[in-house]
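Structure file coords_12.tsv with TSV, C-alpha atoms:
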chain	number	residue	atom	x	y	z
A	284	MET	CA	22.78	40.80	28.29
A	285	SER	CA	23.71	38.88	31.41
A	286	TYR	CA	24.24	35.13	31.25
A	287	THR	CA	24.18	32.73	34.18
A	288	ILE	CA	24.52	28.96	34.00
A	289	LEU	CA	21.50	27.51	35.75
A	290	PRO	CA	22.80	25.68	38.84
A	291	THR	CA	23.07	21.90	38.64
A	292	THR	CA	24.99	19.37	40.68
A	293	HIS	CA	28.11	19.90	38.58
A	294	HIS	CA	28.12	23.69	39.02
A	295	ARG	CA	29.57	24.70	42.36
A	296	HIS	CA	29.34	28.46	41.92
A	297	ILE	CA	25.86	29.13	43.29
A	298	THR	CA	24.96	32.77	43.84
A	299	THR	CA	24.57	34.17	47.33
A	300	THR	CA	20.91	34.92	46.70
A	301	LEU	CA	20.17	31.35	45.71
A	302	SER	CA	22.15	30.06	48.69
A	303	ILE	CA	20.10	32.19	51.08
A	304	LEU	CA	16.91	31.04	49.40
A	305	ALA	CA	17.98	27.40	49.64
A	306	ILE	CA	18.83	27.76	53.34
A	307	SER	CA	15.45	29.39	53.97
A	308	VAL	CA	13.61	26.60	52.19
A	309	LEU	CA	15.57	23.93	54.05
A	310	GLY	CA	14.84	25.68	57.32
A	311	TRP	CA	11.14	25.76	56.52
A	312	LEU	CA	11.23	22.05	55.70
A	313	TYR	CA	13.09	21.31	58.94
A	314	TRP	CA	10.71	23.15	61.21
A	315	PHE	CA	7.37	22.69	59.49
A	316	HIS	CA	7.54	19.61	57.24
A	317	PRO	CA	5.67	16.75	58.91
A	318	VAL	CA	8.31	14.12	58.00
A	319	THR	CA	11.42	15.86	59.32
A	320	ALA	CA	11.98	12.95	61.66
A	321	HIS	CA	12.31	10.68	58.61
A	322	PRO	CA	14.72	12.28	56.13
A	323	THR	CA	14.44	9.32	53.74
A	324	ALA	CA	10.68	9.79	53.57
A	325	ALA	CA	11.19	13.52	53.01
A	326	ARG	CA	13.53	12.86	50.11
A	327	SER	CA	11.03	10.44	48.61
A	328	ARG	CA	8.55	13.29	48.29
A	329	LEU	CA	10.87	15.44	46.20
A	330	PRO	CA	9.77	15.75	42.56
A	331	VAL	CA	11.45	13.34	40.16
A	332	VAL	CA	12.39	15.14	36.95
A	333	ARG	CA	13.61	13.20	33.93
A	334	THR	CA	17.00	14.40	32.67
A	335	VAL	CA	18.74	12.84	29.67
A	336	TYR	CA	22.22	13.26	28.24
A	337	PHE	CA	23.45	13.63	24.64
A	338	PRO	CA	27.03	12.25	24.42
A	339	ALA	CA	27.50	13.70	20.91
A	340	THR	CA	27.28	17.27	22.24
A	341	GLY	CA	27.95	16.64	25.94
A	342	HIS	CA	24.82	18.35	27.26
A	343	HIS	CA	21.67	17.51	29.17
A	344	LEU	CA	17.99	18.03	28.44
A	345	SER	CA	15.64	18.17	31.41
A	346	ASN	CA	11.95	18.57	32.08
A	347	ARG	CA	12.41	21.01	34.97
A	348	VAL	CA	10.64	23.77	33.04
A	349	GLY	CA	9.19	21.59	30.28
A	350	PHE	CA	12.02	21.71	27.73
A	351	LEU	CA	12.33	17.93	27.40
A	352	ASP	CA	8.62	17.33	26.71
A	353	PHE	CA	8.50	20.27	24.28
A	354	TRP	CA	11.48	18.83	22.39
A	355	ARG	CA	9.92	15.35	22.31
A	356	ALA	CA	6.51	16.58	21.13
A	357	ASN	CA	7.64	18.94	18.35
A	358	GLY	CA	9.95	17.06	16.04
A	359	GLN	CA	12.89	16.06	18.26
A	360	LEU	CA	16.23	15.70	16.45
A	361	HIS	CA	14.81	16.47	13.03
A	362	THR	CA	13.46	19.89	14.04
A	363	PHE	CA	15.75	21.11	16.82
A	364	GLY	CA	18.86	18.96	16.80
A	365	MET	CA	20.70	18.26	20.07
A	366	PRO	CA	21.27	20.61	23.01
A	367	ILE	CA	24.54	22.54	22.74
A	368	THR	CA	24.37	24.31	26.14
A	369	GLU	CA	22.93	23.56	29.53
A	370	GLU	CA	19.98	25.61	30.77
A	371	LEU	CA	21.08	29.25	31.18
A	372	VAL	CA	19.57	32.31	32.78
A	373	VAL	CA	19.66	35.16	30.24
A	374	ASP	CA	18.33	38.53	31.41
A	375	GLY	CA	16.29	36.77	34.06
A	376	ARG	CA	14.79	34.12	31.74
A	377	ILE	CA	15.66	30.42	31.60
A	378	VAL	CA	16.80	29.46	28.08
A	379	GLN	CA	18.67	26.62	26.40
A	380	TYR	CA	20.40	26.52	23.03
A	381	PHE	CA	20.04	23.65	20.56
A	382	GLU	CA	21.72	23.13	17.21
A	383	ARG	CA	18.77	24.72	15.40
A	384	ALA	CA	16.81	26.61	18.05
A	385	ARG	CA	16.70	28.34	21.44
A	386	PHE	CA	14.08	27.27	23.98
A	387	GLU	CA	12.72	29.93	26.35
A	388	TYR	CA	10.72	29.37	29.53
A	389	HIS	CA	7.80	31.77	30.03
A	390	PRO	CA	6.49	31.29	33.58
A	391	GLU	CA	3.65	33.73	32.93
A	392	TYR	CA	2.17	31.01	30.68
A	393	ALA	CA	2.94	28.08	32.99
A	394	GLY	CA	0.59	25.17	32.39
A	395	THR	CA	-0.34	26.31	28.86
A	396	PRO	CA	1.09	25.44	25.41
A	397	GLN	CA	2.93	28.80	25.50
A	398	GLN	CA	5.02	27.85	28.54
A	399	VAL	CA	7.96	26.97	26.27
A	400	GLN	CA	8.54	29.23	23.28
A	401	LEU	CA	11.26	29.45	20.66
A	402	GLY	CA	13.61	32.40	20.43
A	403	LEU	CA	13.67	34.63	17.34
A	404	LEU	CA	17.02	33.32	16.10
A	405	GLY	CA	16.24	34.13	12.49
A	406	ARG	CA	15.92	37.82	13.30
A	407	GLU	CA	18.92	37.77	15.63
A	408	TRP	CA	21.11	36.30	12.89
A	409	PHE	CA	19.62	37.97	9.81
A	410	ASP	CA	19.26	41.56	11.04
A	411	PRO	CA	22.90	42.13	12.14
A	412	GLN	CA	24.09	40.99	8.71
A	413	GLY	CA	22.67	44.23	7.32
A	414	LEU	CA	20.85	42.40	4.56
A	415	VAL	CA	17.96	44.38	3.14
A	416	MET	CA	15.47	42.37	1.12
A	417	PRO	CA	12.37	44.30	0.02
A	418	PRO	CA	9.29	42.05	-0.20
A	419	ALA	CA	8.22	40.95	-3.65
A	420	SER	CA	5.26	42.91	-5.00
A	421	ALA	CA	3.50	39.68	-6.01
A	422	GLY	CA	3.86	36.00	-5.39
A	423	ASP	CA	2.05	32.72	-4.97
A	424	GLY	CA	1.37	30.45	-2.04
A	425	ALA	CA	0.66	32.18	1.26
A	426	PHE	CA	1.13	35.90	1.92
A	427	PHE	CA	1.96	37.05	5.47
A	428	ALA	CA	0.84	40.65	5.92
A	429	GLU	CA	2.62	40.79	9.31
A	430	THR	CA	6.00	40.89	7.57
A	431	GLY	CA	5.03	41.42	3.91
A	432	TYR	CA	6.58	38.23	2.53
A	433	TRP	CA	5.31	35.18	0.63
A	434	VAL	CA	5.95	31.50	1.37
A	435	SER	CA	5.35	28.98	-1.39
A	436	GLY	CA	6.29	25.61	-2.82
A	437	GLU	CA	8.37	23.22	-0.74
A	438	PHE	CA	8.94	25.81	1.99
A	439	LEU	CA	5.22	26.41	2.51
A	440	GLU	CA	4.48	22.70	2.62
A	441	PHE	CA	7.29	22.14	5.13
A	442	TRP	CA	6.25	25.15	7.24
A	443	GLU	CA	2.65	23.93	7.44
A	444	ARG	CA	3.47	20.30	8.19
A	445	HIS	CA	6.30	20.68	10.68
A	446	GLY	CA	5.24	23.31	13.17
A	447	GLY	CA	4.00	26.47	11.46
A	448	LEU	CA	4.05	29.73	13.36
A	449	PRO	CA	5.09	28.45	16.84
A	450	VAL	CA	8.14	26.62	15.47
A	451	PHE	CA	9.22	28.75	12.50
A	452	GLY	CA	7.53	32.14	12.96
A	453	PHE	CA	6.67	34.53	10.11
A	454	PRO	CA	8.86	34.79	6.99
A	455	ILE	CA	11.37	37.66	7.14
A	456	SER	CA	12.63	37.28	3.58
A	457	ASP	CA	11.46	35.98	0.25
A	458	ALA	CA	13.00	32.75	-1.02
A	459	PHE	CA	16.37	33.47	-2.62
A	460	TYR	CA	19.48	31.62	-3.78
A	461	ASP	CA	22.41	31.57	-1.36
A	462	ASN	CA	25.52	30.03	-2.97
A	463	GLY	CA	23.27	28.13	-5.35
A	464	VAL	CA	20.92	26.82	-2.64
A	465	LEU	CA	17.32	28.01	-2.45
A	466	THR	CA	16.81	29.40	1.05
A	467	GLN	CA	14.37	31.46	3.09
A	468	TYR	CA	14.60	33.13	6.48
A	469	PHE	CA	11.89	32.94	9.12
A	470	GLU	CA	11.75	34.57	12.54
A	471	ARG	CA	12.84	31.37	14.26
A	472	ALA	CA	14.53	29.34	11.53
A	473	TRP	CA	16.50	29.30	8.31
A	474	LEU	CA	15.24	26.80	5.73
A	475	ARG	CA	17.23	25.40	2.80
A	476	TYR	CA	15.86	23.34	-0.08
A	477	ARG	CA	17.90	20.24	-0.96
A	478	PRO	CA	16.26	18.61	-4.01
A	479	GLU	CA	19.02	16.00	-4.16
A	480	ALA	CA	17.49	14.38	-1.06
A	481	LEU	CA	14.74	13.00	-3.31
A	482	SER	CA	16.12	9.91	-5.03
A	483	PRO	CA	16.10	9.64	-8.84
A	484	PHE	CA	13.51	6.86	-8.58
A	485	LEU	CA	11.13	9.00	-6.50
A	486	ARG	CA	11.74	12.00	-8.74
A	487	GLN	CA	10.72	9.84	-11.69
A	488	GLN	CA	7.58	8.66	-9.87
A	489	GLN	CA	6.75	12.26	-9.03
A	490	LEU	CA	6.69	13.04	-12.75
A	491	ILE	CA	4.69	9.92	-13.60
A	492	TYR	CA	1.94	10.48	-11.02
A	493	GLY	CA	1.91	14.26	-11.16
A	494	PHE	CA	2.01	15.16	-7.49
A	495	ASP	CA	4.70	16.25	-5.05
A	496	LEU	CA	6.70	13.71	-3.07
A	497	ASP	CA	8.83	14.61	-0.07
A	498	THR	CA	11.57	13.00	1.95
A	499	LEU	CA	12.36	13.99	5.51
A	500	ASP	CA	15.54	15.85	4.52
A	501	GLU	CA	14.42	17.61	1.34
A	502	VAL	CA	13.93	20.83	3.29
A	503	GLN	CA	16.61	21.26	5.93
A	504	ILE	CA	16.70	23.54	8.96
A	505	ASP	CA	19.99	25.39	9.29
A	506	ASP	CA	22.00	25.33	12.52
A	507	LEU	CA	21.03	28.83	13.66
A	508	GLY	CA	21.33	27.80	17.30
A	509	ARG	CA	25.04	27.15	16.83
A	510	ARG	CA	25.51	30.32	14.80
A	511	VAL	CA	23.84	32.64	17.31
A	512	ALA	CA	25.49	30.95	20.31
A	513	ALA	CA	28.90	31.51	18.67
A	514	GLN	CA	27.96	35.09	17.80
A	515	LEU	CA	27.16	35.73	21.48
A	516	GLY	CA	30.33	34.03	22.69
A	517	LEU	CA	28.49	31.30	24.60
A	518	SER	CA	30.44	28.22	25.59
A	519	THR	CA	29.17	25.00	24.03
A	520	ALA	CA	31.90	22.87	25.60
A	521	PRO	CA	30.70	19.47	26.88
A	522	VAL	CA	29.89	19.06	30.56
A	523	ALA	CA	30.18	16.01	32.77
A	524	ARG	CA	27.21	13.71	32.82
A	525	LEU	CA	24.96	14.16	35.85
A	526	PRO	CA	24.71	11.03	38.03
A	527	GLY	CA	21.94	8.76	36.79
A	528	ALA	CA	21.25	10.67	33.56
A	529	PRO	CA	20.85	8.12	30.73
A	530	ASP	CA	21.74	8.65	27.09
A	531	TRP	CA	18.74	10.00	25.22
A	532	SER	CA	16.83	7.43	23.16
A	533	PRO	CA	13.15	7.13	22.23
A	534	ALA	CA	13.34	3.72	23.91
A	535	LEU	CA	13.59	5.45	27.32
A	536	TRP	CA	9.81	5.74	27.14
A	537	HIS	CA	7.10	3.21	26.36
A	538	ARG	CA	6.53	3.80	22.64
A	539	TRP	CA	3.24	2.88	21.04
A	540	ILE	CA	1.27	3.65	17.90
A	541	GLU	CA	-2.45	4.04	17.30
A	542	VAL	CA	-4.20	3.97	13.91
A	543	ASP	CA	-7.71	5.41	13.81
A	544	LEU	CA	-9.46	3.87	10.79
A	545	THR	CA	-12.42	6.25	11.04
A	546	ARG	CA	-10.34	9.41	11.05
A	547	GLN	CA	-7.63	7.89	8.83
A	548	ARG	CA	-4.99	9.16	11.23
A	549	LEU	CA	-1.93	7.72	12.96
A	550	PHE	CA	-0.73	8.78	16.41
A	551	ALA	CA	2.64	7.93	18.02
A	552	TYR	CA	3.21	8.22	21.78
A	553	GLU	CA	6.03	8.11	24.29
A	554	ASP	CA	4.26	7.08	27.49
A	555	ASP	CA	1.24	9.42	27.44
A	556	LEU	CA	2.89	12.18	25.41
A	557	LEU	CA	1.79	12.51	21.79
A	558	VAL	CA	5.01	12.98	19.79
A	559	PHE	CA	3.86	12.49	16.20
A	560	THR	CA	0.71	12.36	14.10
A	561	ALA	CA	0.17	11.78	10.39
A	562	PRO	CA	-2.63	11.12	7.87
A	563	VAL	CA	-2.95	7.58	6.52
A	564	ALA	CA	-4.79	5.63	3.85
A	565	THR	CA	-5.86	2.12	4.85
A	566	GLY	CA	-7.41	-0.96	3.21
A	567	ARG	CA	-10.39	-0.64	0.91
A	568	ASP	CA	-13.44	-2.90	1.10
A	569	GLY	CA	-12.45	-6.49	0.48
A	570	PHE	CA	-8.92	-5.74	1.69
A	571	ASN	CA	-9.84	-4.08	5.00
A	572	THR	CA	-7.03	-3.27	7.41
A	573	PRO	CA	-7.51	-5.58	10.43
A	574	ARG	CA	-8.42	-4.11	13.77
A	575	GLY	CA	-6.65	-5.27	16.91
A	576	GLU	CA	-3.56	-5.13	19.11
A	577	PHE	CA	-0.36	-5.84	17.18
A	578	ALA	CA	3.35	-5.00	17.26
A	579	ILE	CA	6.08	-4.25	14.72
A	580	TYR	CA	7.71	-7.60	13.97
A	581	TYR	CA	9.78	-6.95	10.83
A	582	ARG	CA	11.29	-3.82	9.26
A	583	LEU	CA	12.97	-2.91	5.97
A	584	PRO	CA	14.09	0.53	4.73
A	585	GLU	CA	12.90	-0.46	1.25
A	586	GLN	CA	11.07	-3.40	-0.28
A	587	THR	CA	9.49	-4.49	-3.55
A	588	MET	CA	6.01	-5.87	-2.89
A	589	ALA	CA	4.44	-8.41	-5.26
A	590	ASP	CA	1.45	-10.65	-4.57
A	591	CYS	CA	-1.91	-11.91	-5.78
A	592	LEU	CA	-4.98	-11.83	-3.58
A	593	GLY	CA	-8.73	-11.75	-4.15
A	594	GLY	CA	-8.31	-12.06	-7.87
A	595	GLU	CA	-5.89	-9.13	-8.06
A	596	CYS	CA	-2.15	-9.15	-8.60
A	597	TRP	CA	0.33	-6.33	-8.05
A	598	TYR	CA	4.02	-5.56	-8.36
A	599	VAL	CA	5.24	-2.36	-6.65
A	600	PRO	CA	9.01	-1.73	-6.52
A	601	ASN	CA	11.07	0.28	-4.04
A	602	ILE	CA	8.43	0.88	-1.35
A	603	PRO	CA	10.15	2.94	1.36
A	604	TRP	CA	10.23	2.60	5.15
A	605	VAL	CA	8.34	-0.68	5.63
A	606	GLN	CA	7.30	-1.90	9.11
A	607	TYR	CA	5.15	-5.05	9.33
A	608	VAL	CA	2.61	-5.26	12.15
A	609	VAL	CA	0.47	-8.35	11.38
A	610	GLY	CA	0.73	-10.88	8.57
A	611	GLY	CA	1.35	-9.01	5.32
A	612	VAL	CA	0.02	-5.71	6.70
A	613	ALA	CA	2.68	-3.01	7.08
A	614	LEU	CA	3.15	0.65	7.78
A	615	HIS	CA	4.98	2.11	4.78
A	616	GLY	CA	5.47	5.12	2.56
A	617	THR	CA	3.65	5.49	-0.76
A	618	TYR	CA	4.55	7.28	-3.98
A	619	TRP	CA	1.64	6.13	-6.19
A	620	HIS	CA	-1.17	8.10	-4.51
A	621	ASN	CA	-1.69	11.11	-2.26
A	622	ALA	CA	-5.01	10.11	-0.66
A	623	HIS	CA	-3.61	10.09	2.90
A	624	GLY	CA	-6.14	11.49	5.37
A	625	THR	CA	-8.79	12.14	2.72
A	626	GLY	CA	-11.03	9.27	3.76
A	627	VAL	CA	-10.32	7.41	0.52
A	628	ARG	CA	-9.23	3.91	1.56
A	629	ILE	CA	-7.05	2.71	-1.28
A	630	SER	CA	-4.61	0.03	-0.06
A	631	HIS	CA	-4.69	-3.76	-0.06
A	632	GLY	CA	-4.74	-3.70	3.74
A	633	CYS	CA	-1.51	-1.88	4.53
A	634	ILE	CA	-1.34	1.43	6.38
A	635	ASN	CA	-0.10	3.91	3.78
A	636	LEU	CA	1.82	7.03	4.85
A	637	ARG	CA	3.41	9.94	3.05
A	638	ILE	CA	7.07	9.19	2.44
A	639	ASP	CA	8.49	11.72	4.90
A	640	ASP	CA	6.03	10.62	7.59
A	641	ALA	CA	6.94	6.97	7.05
A	642	GLN	CA	10.62	7.91	7.29
A	643	TRP	CA	10.16	9.77	10.58
A	644	LEU	CA	8.21	6.84	12.03
A	645	TYR	CA	10.83	4.34	10.88
A	646	THR	CA	13.67	6.26	12.55
A	647	TRP	CA	11.66	6.57	15.78
A	648	ALA	CA	10.13	3.09	16.10
A	649	ASP	CA	11.69	-0.36	16.53
A	650	LEU	CA	10.85	-4.03	16.62
A	651	GLY	CA	8.25	-4.81	19.27
A	652	VAL	CA	6.64	-1.35	19.36
A	653	PRO	CA	2.90	-1.96	19.95
A	654	VAL	CA	0.44	-0.89	17.23
A	655	ARG	CA	-3.25	-0.58	18.04
A	656	VAL	CA	-5.62	-0.41	15.07
A	657	TYR	CA	-9.24	0.54	15.78
Encoded form using structure tokens:
Amino acid sequence: MSYTILPTTHHRHITTTLSILAISVLGWLYWFHPVTAHPTAARSRLPVVRTVYFPATGHHLSNRVGFLDFWRANGQLHTFGMPITEELVVDGRIVQYFERARFEYHPEYAGTPQQVQLGLLGREWFDPQGLVMPPASAGDGAFFAETGYWVSGEFLEFWERHGGLPVFGFPISDAFYDNGVLTQYFERAWLRYRPEALSPFLRQQQLIYGFDLDTLDEVQIDDLGRRVAAQLGLSTAPVARLPGAPDWSPALWHRWIEVDLTRQRLFAYEDDLLVFTAPVATGRDGFNTPRGEFAIYYRLPEQTMADCLGGECWYVPNIPWVQYVVGGVALHGTYWHNAHGTGVRISHGCINLRIDDAQWLYTWADLGVPVRVY
């Protein structure tokens, strides 16, 4: 394979071909662009591409070929981690490595959801190890005839809820124990089950109510991006920040949340880009969730709620990831029901989320983030 660092302002070794191309383009602009007499006006017409910087790894993430928007819209830090290289040209294709993934630009699909795709890091790491794992003859959950393996339990739930085939690919092993940790390989990822991420209290509630509860970190995505980059000898050394590139933060964009009471669905946006969606359960008749334009005004990672209203009293301890939007109405996780998105409105006015969804939203949002309920 041939690797080339994609030219940026801090890379001074530009190939002769690119130099000739640049001179040709500049010449065309000089002779034929209608604003050549006003260079400032000409510069103002150049495309503005958002580029952000991650100080923890010392690398940029740009939207030149759509990588930044793909990262923002498909799980962000939780799914992919931070960039560990700049954009590279590998065998003629623009790619970039992240802690848990490799992004690839496919110009043949420009303007479609397939423009940015994820590399098959699972295969690239798993196959050279020489590990042979015959598929199980029977299993439960979902069977993938394409590779002959089953996915079930926590892995299947995680796979379905956090990206499915485009993000994780097909399974390329059955679930197995690796140094005492339940794990499973997929074409694009390596998943590990960490039951200790579910607190003793939530584990107890899971037994009491008889349905599965999940935290955001119960299934973890291994750092295959780092592993494959090291295997290939790629440099992940930090680079100097490009002039004007801010530190990445969700606050770089206008964040806002919508709650659709009819569809029982929540949507989170950065500017006009949808970055997160989740099922909800809202207030039942007599305790209807209010409609209107609100904003998050108070937040707690955990709270015990106790009150009396409309002839009813309740005491609910250890409610996770609480964000108040109006009066006593809050976005929060729930462990006492799993009616989210079913159309069953069960709350006393609050906007109930699954625990892992409430956790993701809590880490992403902040005080003052607008919330529109309709």
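Atom pair atom CA of Phe427 of chain A / atom CA of Gly452 of chain A: separated by 10.5 Å.
Minimum atom-to-atom distances from A:Trp442, A:Tyr657, A:Phe386, A:Phe570 to Arg628 of chain A were compared using only C-alpha atoms, and the lowest value belongs to A:Phe570.
Note that the spacing between atom CA of Trp643 of chain A and atom CA of Arg355 of chain A amounts to 13.0 Å.
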Practice task
Quote the spacing between atom CA of Tyr552 of chain A and atom CA of Pro653 of chain A in Å to one decimal place.
Solution key: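 Interatomic distance, atom CA of Tyr552 of chain A to atom CA of Pro653 of chain A: 10.3 Å.
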Problem - Gln514 of chain A environment, 12 Å, all atoms listed in the file, sequence neighbours closer than 4 positions dropped, as a PyMOL selection string - result: chain A and resi 404+407-409+411-412+507-510+518-519
Practice task
Write out as a PyMOL selection string each polymer residue whose atoms come within 10 Å of Pro478 of chain A, counting all atoms listed in the file; drop sequence neighbours fewer than 5 positions from it.
Solution key: chain A and resi 437+464-465+486+497-498+500-502
